[in-house]
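J.: Quick one: the structure is below, questions incoming.
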Amino acid sequence: MSDELETVGPIDYLVVEFPGNRMTGEGLPLLVDLVERGLIRVLDLVFVRKDEDGTVTGMEIADLTGDGALDLSVFAGASSGLLGQDDLEEAAVALEPGSSAGILVYENRWAAPFAAALHRGGARLVASGRIPVPDLVAALDATEAAG
């Protein structure tokens, strides 16, 4: 198992809210492209709906937009077991009632060789994180204003 872990890239997750349950599917072809190019590997992809009364229910992966333009069967069965019911409920806390969300857990496959090389060299990952885009924009604006 440790040999397998040595070749795995960092694992990330996203929770994307669709206010008013409006899913256009516009981003899904780009997700498929990332997978096809080997940049990421989808470990879990789950869609949930939060009703007005706060009830959270799962949604089938299918033609979520109803237009027939995108076949999501490529993601059917994308379930690593990392996401449990408690994770879905926790993600739903961030959702507004009457909204849906896609919850995506993915491996950054592009980083796997880099991570493996660091590991072979004795390095250890001791922290990771994400800088929210609004924070980056604010920092750049502040730097520009100071200059």
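We label chains A, B, ... in the order they appear in the structure tokens, count residues from 1 in each chain, and number ligands from 1 in the order shown.
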Could you pull out the strand (DSSP E or B) residues of chain A from DSSP and send them as a VMD selection string?

T.: chain A and resid 11 to 18 40 to 50 56 to 59 79 99 to 108

J.: DSSP on the backbone: what in chain A comes out helix (DSSP H, G or I), as a VMD selection string?

T.: chain A and resid 2 to 6 19 to 21 28 to 36 72 to 75 85 to 93 109 to 120 133 to 146

J.: One decimal, Å: what's the distance from atom CA of A:Asp87 over to atom CA of A:Tyr13, could you say?

T.: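 Computed distance, atom CA of A:Asp87 to atom CA of A:Tyr13, equals 11.2 Å.
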
J.: Which of these residues is nearest to A:Leu88, using only C-alpha atoms: A:Asp44, A:Asp33, A:Asp12, A:Asp141?

T.: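 Of A:Asp44, A:Asp33, A:Asp12, A:Asp141, the one nearest A:Leu88, counting only C-alpha atoms, is A:Asp44.
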
J.: Can you list, as an MDAnalysis selection string, every protein, DNA or RNA residue that comes within 8 Å of stretch 77-86 of chain A when you count only C-alpha atoms, leaving out same-chain residues fewer than 3 positions away?

T.: chainID A and resid 42:45 89:90

J.: Figure out the distance between atom CA of A:Leu31 and atom CA of A:Val48, please, to one decimal in Å.

T.: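 Going from atom CA of A:Val48 over to atom CA of A:Leu31 covers 18.2 Å.
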
J.: Can you pull out every residue within 10 Å of A:Lys50, counting only C-alpha atoms, but drop anything in the same chain fewer than 5 positions away, and send it as a list in words?

T.: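 My list of contacting residues is Gly20, Asn21, Thr55, Val56, Thr57, Gly58, Glu89, Ala92, Val93, Leu95, Glu96, Pro97, Gly98, Ser99, Ser100 and Ala101 of chain A.
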